[in-house]
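Visitor: Input: one structure, supplied below.
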Amino acid sequence: MLGLHESWRRPMCVDSRVQRKFRGYVLTPNIGYGPHKTRYSYYTFVTRSCLLHGNFEDGLTRCEVIAHNVSTKKRKEIPFRFRPKSRRVDPVKKTFCLSPPFEKFRGFVSFLKTLIPRRDSTHAPPEEKKISVEEQQEKKRESLRFDRIVSEMVTGAVSAMAAKQAERLKEDGNNCFKKERFGAAIDAYTEAITLSPKVPVYWTNRALCHMKRKDWTRVEEDCRQAIQLDHDSVKAHYMLGLALLQKEEYADGVKALQRALDFGRGANPTGYMVEEIWEELSKAKYMEWELLSARRSWELNSLKETCVAALNQQRALDMSRTEESSEEDYSSHTDQLKALDRVFEKAAEEDKPTEVPDYLCCNITLEIFRDPVISPSGVTYERAAILEHINKVGKFDPITREKLDPSKLVPNLAIKEAVAAYLEKHVWAYKTGC
Amino acid sequence: MVEEIWEELAKAKYMEWELASARRSWELNSLKETCDAALNQQRALDMSRTKESSEEAYSSHTERLKALNQVFEKAAKDDKPTEVPDYLCCNITLEIFRDPVISPSGVTYERAAIREHINKVGKFDRITREKLDPSKLVPNLAIKEAVASYLEKHVWVYKVDS
């Protein structure tokens with residue numbers, strides 16, 4: 001029951017609005033439960049206090065009659081809920097429905113085209129039937145050129161508007177993403193892409209949304225598009241790598257991640273992304289290796305058992321033949337078995353995790369080097385670790401305590417190569433890295 | 001003087017290793033032969049027992065022999081002379097490092113070699129062609145350690161020096 005003033009009395013007349021209200025034929029206001037045809041226009045009886053305040057994409061203002069007992073918070077959400085969402089196809093014209101500003105252009109362009117006379121060979125007067133082939137070609141080229149100029153003008157005008165619009169959509173998408181509304185964000189980015197498909201950022205943003213939703217096939221598609229548009233995009237390569245890893249294509253995934261790392265290092269060596277990329281890359285390489293190594297060790301073990309069995313059998317045969325069992329024979333047999341054990345151990349050595357040698361580890365992080373730099377005193381550190389030390393503690397070498405300037409840090413390329421060679425051979429070392 | 005001492009030391013280490021390695025490879029070979037013989041014998045026994053000789057059994061037997069060969073090769077790998085990895089060799093002398101120093105551009109050279117280069121050719125880095133001052137050469141202690149540990153494992157490298 002709506003709130004009534006205490007001086008209200010039931011009216012005497014028969015058919016009044018209020019009487020209808022009491023009987024249940026209430027005209028309920030439009031509280032925004034679905035798209036309504038009258039949304040796009042003003043209600044004449046409505047005052048300015050009912051206007052919805054917000055930036056709508058098509059620049060029109062909105063007014064909705066929202067029920068009075070709707071909270072302020074919801075009033076802000078309602079116009080967002082009913083923003084135009086996706087590209088609809090006009091079933092009659094069989095074209096895409098553009099949002100209102102651009103629809104205006106469609107008619108305008110076709111109108112322009114009809115106004116300006118075109119030199120078309122089909123409209124040639126009948127006397128000039130014998131037009132030479134060259135002249136015909138010339139006329140065709142001219143008409144094509146004309147078409148191109150007009151379309152360029154139009155696309156120039158439209159694309160400028162489109163770019164601005166696309167940027168606004170991207171901002172919307174970013175806001176949705178921050179609020180974890182990934183579906184809405186994806187829609188916003190999709191619209192931005194349809195408006196300006198050559199901007200790689202929209203593709204990578206959409207890929208990131210897909211990634212959060214674990215939709216790896218779409219991540220891969222979007223990333224490949226982004227890479228085509230911008231070859232150096234760190235994010236695109238990174239996400240492509242992750243998507244490929246999910247599909248268990250370790251070799252390609254590792255390559256993509258390596259590219260991302262290279263581009264990332266080139267642009268900003270201490271950026272946060274480089275750290276993430278390295279961790280993913282290490283994980284990927286480790287998993288690749290784990291599979292292979294498990295198979296290898298299984299094969300080795302079975303081979304070893306066969307050999308041991310064969311040796312034992314031979315010994316049994318020998319014993320039965322000579323009918324003697326001397327101490328010497330027995331000890332030589334056990335020696336043989338021991339030697340065989342050693343041989344197989346050595347063969348399996350590569351696959352067993354041991355400790356990474358000291359000269360390949362940083363003194364500060366105690367982990368294998370990722371980006372080694374050498375100080376003027378000759379000691380090598382991890383770049384990130386020594387820079388942190390300089391910022392937090394002071395400009396001196398942690399081991400020799402000599403004065404140390406960040407500009408004097410030289411990349412130790414030889415150690416970098418050594419680390420790469422070591423990691424190739426002993427892939428298990430990647431595990432300690434992450 | 002230093003050079004001579006180094007040469008004598010290298011020769012001694014190499015001879016020590018040669019003896020040990022010869023014995024090791026002889027042991028390995030005999031062990032390998034025993035294993036092969038045992039495997040073949042076992043196969044012969046299996047064949048006589050089942051009284052069939054299927055293609056599969058034969059191919060798996062040859063595979064096993066091949067795998068065994070690989071295992072023994074791997075075990076003997078340390079003793080076989082191969083090439084010293086690039087990052088442990090100087091760009092100028094093309095030999096393993098004895099006293100590595102690093103230039104401001106990041107490339108590591110043998111101290112004697114780069115000194116000679118500066119005296120004879122000019123004060124620039126051989127690879128990057130940046131300006132290079134002899135006082136700016138920093139001893140690359142990490143690579144020195146790497147070289148030491150590599151030599152411990154693969155003593156055959158010493159022969160190249162002498």
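Following the order of the structure tokens, first chain is A, next is B, and so on, with residues numbered from 1 inside each chain and ligands from 1 in the order they appear.
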Could you give me, as a compact mmCIF listing (two decimals) with N, CA and C atoms, in the first residue's frame, the residues within 10 Å of stretch 369-380 of chain A, counting only C-alpha atoms and dropping anything in the same chain fewer than 3 positions from it?
Guide:
```txt
# COMPACT_ATOMS: atom_id res chain seq x y z
N ARG A 265 61.97 -8.34 -21.48
CA ARG A 265 63.28 -7.92 -20.96
C ARG A 265 63.80 -6.73 -21.72
N PRO A 269 63.41 -4.26 -18.01
CA PRO A 269 63.99 -5.45 -17.37
C PRO A 269 63.51 -5.70 -15.95
N GLU A 275 58.93 -11.12 -14.24
CA GLU A 275 58.96 -12.12 -13.18
C GLU A 275 57.93 -13.20 -13.42
N TRP A 278 58.76 -15.42 -16.39
CA TRP A 278 59.83 -16.37 -16.07
C TRP A 278 59.28 -17.55 -15.29
N TYR A 359 78.77 -21.53 -8.60
CA TYR A 359 79.12 -20.41 -9.46
C TYR A 359 77.99 -20.00 -10.38
N LEU A 360 76.90 -20.80 -10.41
CA LEU A 360 75.75 -20.42 -11.23
C LEU A 360 74.63 -19.81 -10.37
N CYS A 361 74.91 -19.63 -9.06
CA CYS A 361 73.87 -19.07 -8.19
C CYS A 361 74.30 -17.72 -7.65
N CYS A 362 73.29 -16.90 -7.42
CA CYS A 362 73.56 -15.57 -6.88
C CYS A 362 73.82 -15.68 -5.38
N ASN A 363 74.72 -14.80 -4.86
CA ASN A 363 75.03 -14.84 -3.43
C ASN A 363 73.90 -14.30 -2.58
N ILE A 364 73.06 -13.46 -3.19
CA ILE A 364 72.00 -12.83 -2.42
C ILE A 364 70.75 -13.71 -2.43
N THR A 365 70.29 -14.10 -3.63
CA THR A 365 69.06 -14.88 -3.72
C THR A 365 69.29 -16.36 -3.48
N LEU A 366 70.52 -16.83 -3.64
CA LEU A 366 70.87 -18.25 -3.52
C LEU A 366 70.12 -19.11 -4.52
N ARG A 383 70.62 -9.27 -11.11
CA ARG A 383 70.41 -7.84 -11.30
C ARG A 383 69.38 -7.27 -10.35
N ALA A 384 68.22 -7.97 -10.28
CA ALA A 384 67.16 -7.45 -9.41
C ALA A 384 67.62 -7.39 -7.96
N ALA A 385 68.35 -8.44 -7.51
CA ALA A 385 68.76 -8.51 -6.11
C ALA A 385 69.74 -7.39 -5.76
N ILE A 386 70.71 -7.15 -6.63
CA ILE A 386 71.73 -6.14 -6.30
C ILE A 386 71.12 -4.75 -6.36
N PHE A 396 77.01 -0.11 -1.90
CA PHE A 396 78.27 -0.82 -1.75
C PHE A 396 78.06 -2.30 -2.06
N ASP A 397 79.16 -2.94 -2.43
CA ASP A 397 79.13 -4.35 -2.78
C ASP A 397 78.89 -5.18 -1.51
N PRO A 398 77.93 -6.11 -1.52
CA PRO A 398 77.62 -6.85 -0.29
C PRO A 398 78.77 -7.71 0.21
N ILE A 399 79.65 -8.15 -0.71
CA ILE A 399 80.69 -9.07 -0.27
C ILE A 399 82.01 -8.36 0.00
N THR A 400 82.44 -7.51 -0.92
CA THR A 400 83.73 -6.86 -0.73
C THR A 400 83.60 -5.52 -0.01
N ARG A 401 82.36 -5.00 0.08
CA ARG A 401 82.11 -3.71 0.73
C ARG A 401 82.78 -2.54 0.02
N GLU A 402 83.08 -2.70 -1.26
CA GLU A 402 83.62 -1.57 -2.02
C GLU A 402 82.47 -0.70 -2.48
N LYS A 403 82.80 0.51 -2.86
CA LYS A 403 81.77 1.42 -3.35
C LYS A 403 81.22 0.87 -4.67
N LEU A 404 79.90 0.94 -4.84
CA LEU A 404 79.27 0.33 -6.02
C LEU A 404 78.21 1.24 -6.60
N ASP A 405 78.39 1.58 -7.88
CA ASP A 405 77.42 2.43 -8.55
C ASP A 405 76.56 1.57 -9.48
N PRO A 406 75.23 1.78 -9.49
CA PRO A 406 74.39 0.94 -10.35
C PRO A 406 74.77 1.01 -11.82
N SER A 407 75.32 2.15 -12.25
CA SER A 407 75.68 2.26 -13.66
C SER A 407 76.89 1.42 -14.01
N LYS A 408 77.63 0.98 -12.95
CA LYS A 408 78.85 0.22 -13.23
C LYS A 408 78.58 -1.28 -13.32
N LEU A 409 77.32 -1.69 -13.21
CA LEU A 409 77.01 -3.12 -13.27
C LEU A 409 77.02 -3.57 -14.72
N VAL A 410 77.86 -4.58 -15.00
CA VAL A 410 78.02 -5.07 -16.37
C VAL A 410 77.33 -6.43 -16.51
N PRO A 411 76.55 -6.64 -17.56
CA PRO A 411 75.92 -7.96 -17.72
C PRO A 411 76.95 -9.03 -18.00
N ASN A 412 76.92 -10.10 -17.22
CA ASN A 412 77.92 -11.16 -17.35
C ASN A 412 77.44 -12.18 -18.38
N LEU A 413 77.72 -11.88 -19.64
CA LEU A 413 77.17 -12.70 -20.72
C LEU A 413 77.68 -14.13 -20.67
N ALA A 414 78.94 -14.30 -20.27
CA ALA A 414 79.50 -15.65 -20.24
C ALA A 414 78.72 -16.52 -19.24
N ILE A 415 78.43 -15.95 -18.07
CA ILE A 415 77.68 -16.73 -17.08
C ILE A 415 76.27 -16.98 -17.57
N LYS A 416 75.72 -16.02 -18.28
CA LYS A 416 74.37 -16.21 -18.81
C LYS A 416 74.34 -17.43 -19.73
N ALA A 418 76.47 -19.87 -19.66
CA ALA A 418 76.71 -21.07 -18.85
C ALA A 418 75.42 -21.55 -18.21
N VAL A 419 74.62 -20.60 -17.69
CA VAL A 419 73.35 -20.95 -17.06
C VAL A 419 72.43 -21.60 -18.09
N ALA A 420 72.36 -21.00 -19.29
CA ALA A 420 71.48 -21.55 -20.32
C ALA A 420 71.88 -22.97 -20.67
N GLY A 433 63.72 -22.60 -9.35
CA GLY A 433 63.59 -21.20 -9.73
C GLY A 433 62.26 -20.60 -9.32
N VAL B 101 88.84 -12.18 -17.60
CA VAL B 101 88.45 -10.83 -17.19
C VAL B 101 87.30 -10.39 -18.08
N ILE B 102 86.43 -9.54 -17.50
CA ILE B 102 85.25 -9.09 -18.24
C ILE B 102 85.39 -7.61 -18.54
N PRO B 104 83.74 -3.75 -19.86
CA PRO B 104 82.49 -3.04 -19.54
C PRO B 104 81.32 -3.38 -20.46
N GLY B 106 80.53 -6.45 -21.26
CA GLY B 106 79.97 -7.72 -20.82
C GLY B 106 80.66 -8.95 -21.38
N LYS B 136 89.76 -0.89 -16.52
CA LYS B 136 88.35 -1.23 -16.33
C LYS B 136 88.11 -2.74 -16.43
N LEU B 137 89.16 -3.53 -16.66
CA LEU B 137 88.95 -4.98 -16.79
C LEU B 137 88.74 -5.59 -15.41
N VAL B 138 87.61 -6.28 -15.23
CA VAL B 138 87.25 -6.85 -13.94
C VAL B 138 87.43 -8.37 -13.99
N PRO B 139 88.09 -8.97 -13.00
CA PRO B 139 88.24 -10.43 -13.03
C PRO B 139 86.89 -11.12 -12.85
N ASN B 140 86.57 -12.05 -13.76
CA ASN B 140 85.27 -12.71 -13.75
C ASN B 140 85.35 -13.95 -12.86
N LEU B 141 85.16 -13.72 -11.55
CA LEU B 141 85.38 -14.81 -10.58
C LEU B 141 84.42 -15.97 -10.80
N ALA B 142 83.20 -15.66 -11.19
CA ALA B 142 82.21 -16.72 -11.39
C ALA B 142 82.67 -17.67 -12.49
N ILE B 143 83.17 -17.10 -13.60
CA ILE B 143 83.63 -17.96 -14.69
C ILE B 143 84.87 -18.75 -14.26
```
Visitor: Give me the residues near B:Lys77 as a list in words, where near means some atom within 12 Å (using only C-alpha atoms) and where sequence neighbours in that chain fewer than 3 positions away do not count.
Guide: Val343, Lys346, Ala347, Glu349 and Glu350 of chain A; Ser21, Arg24, Ser25, Leu28, Gln70, Val71, Phe72, Glu73, Lys74, Lys80, Pro81, Thr82, Lys153, His154 and Trp156 of chain B
Visitor: Using backbone DSSP assignments, extract all strand (DSSP E) residues from stretch 3-158 of chain B; output them as a list of chain:residue names.
Guide: B:Pro100, B:Val101, B:Ile102, B:Thr108, B:Tyr109, B:Glu110, B:Val138, B:Pro139
Visitor: Where does DSSP see helix (DSSP H, G or I) in stretch 6-155 of chain B, if you list the residues as number ranges by chain?
Guide: B: 6-50, 55-79, 86-88, 111-120, 134-136, 141-153
Visitor: For a quick check of understanding, using only C-alpha atoms, which of B:Ala44, B:Val157, B:Ala57, B:Leu88 has the smallest distance to chain A?
Guide: B:Leu88
Visitor: Which value, in Å to one decimal, gives the distance between atom CA of A:Leu423 and atom CA of A:Gly241?
Guide: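 A separation of 19.6 Å between them.
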Visitor: Just the number, please: distance in Å from atom CA of A:Thr334 to atom CA of B:Arg49, one decimal.
Guide: 27.8 Å
Visitor: So that I can see what lies close to stretch 251-253 of chain A, please list as a VMD selection string the residues with an atom at most 12 Å from it, counting only C-alpha atoms and leaving out residues fewer than 2 positions away in the same chain.
Guide: chain A and resid 220 237 to 249 255 to 260 277 280 to 289
Visitor: What is the atom CA of A:Met319 to atom CA of B:Asp36 distance in Å?
Guide: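 Rounded to one decimal, the two atoms are 18.9 Å apart.
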Visitor: Which residue gives the smallest distance to chain B among A:Phe80, A:Tyr189, A:Trp428, A:Tyr381, with only C-alpha atoms counted?
Guide: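 Comparing A:Phe80, A:Tyr189, A:Trp428, A:Tyr381 against chain B, the winner is A:Tyr381.
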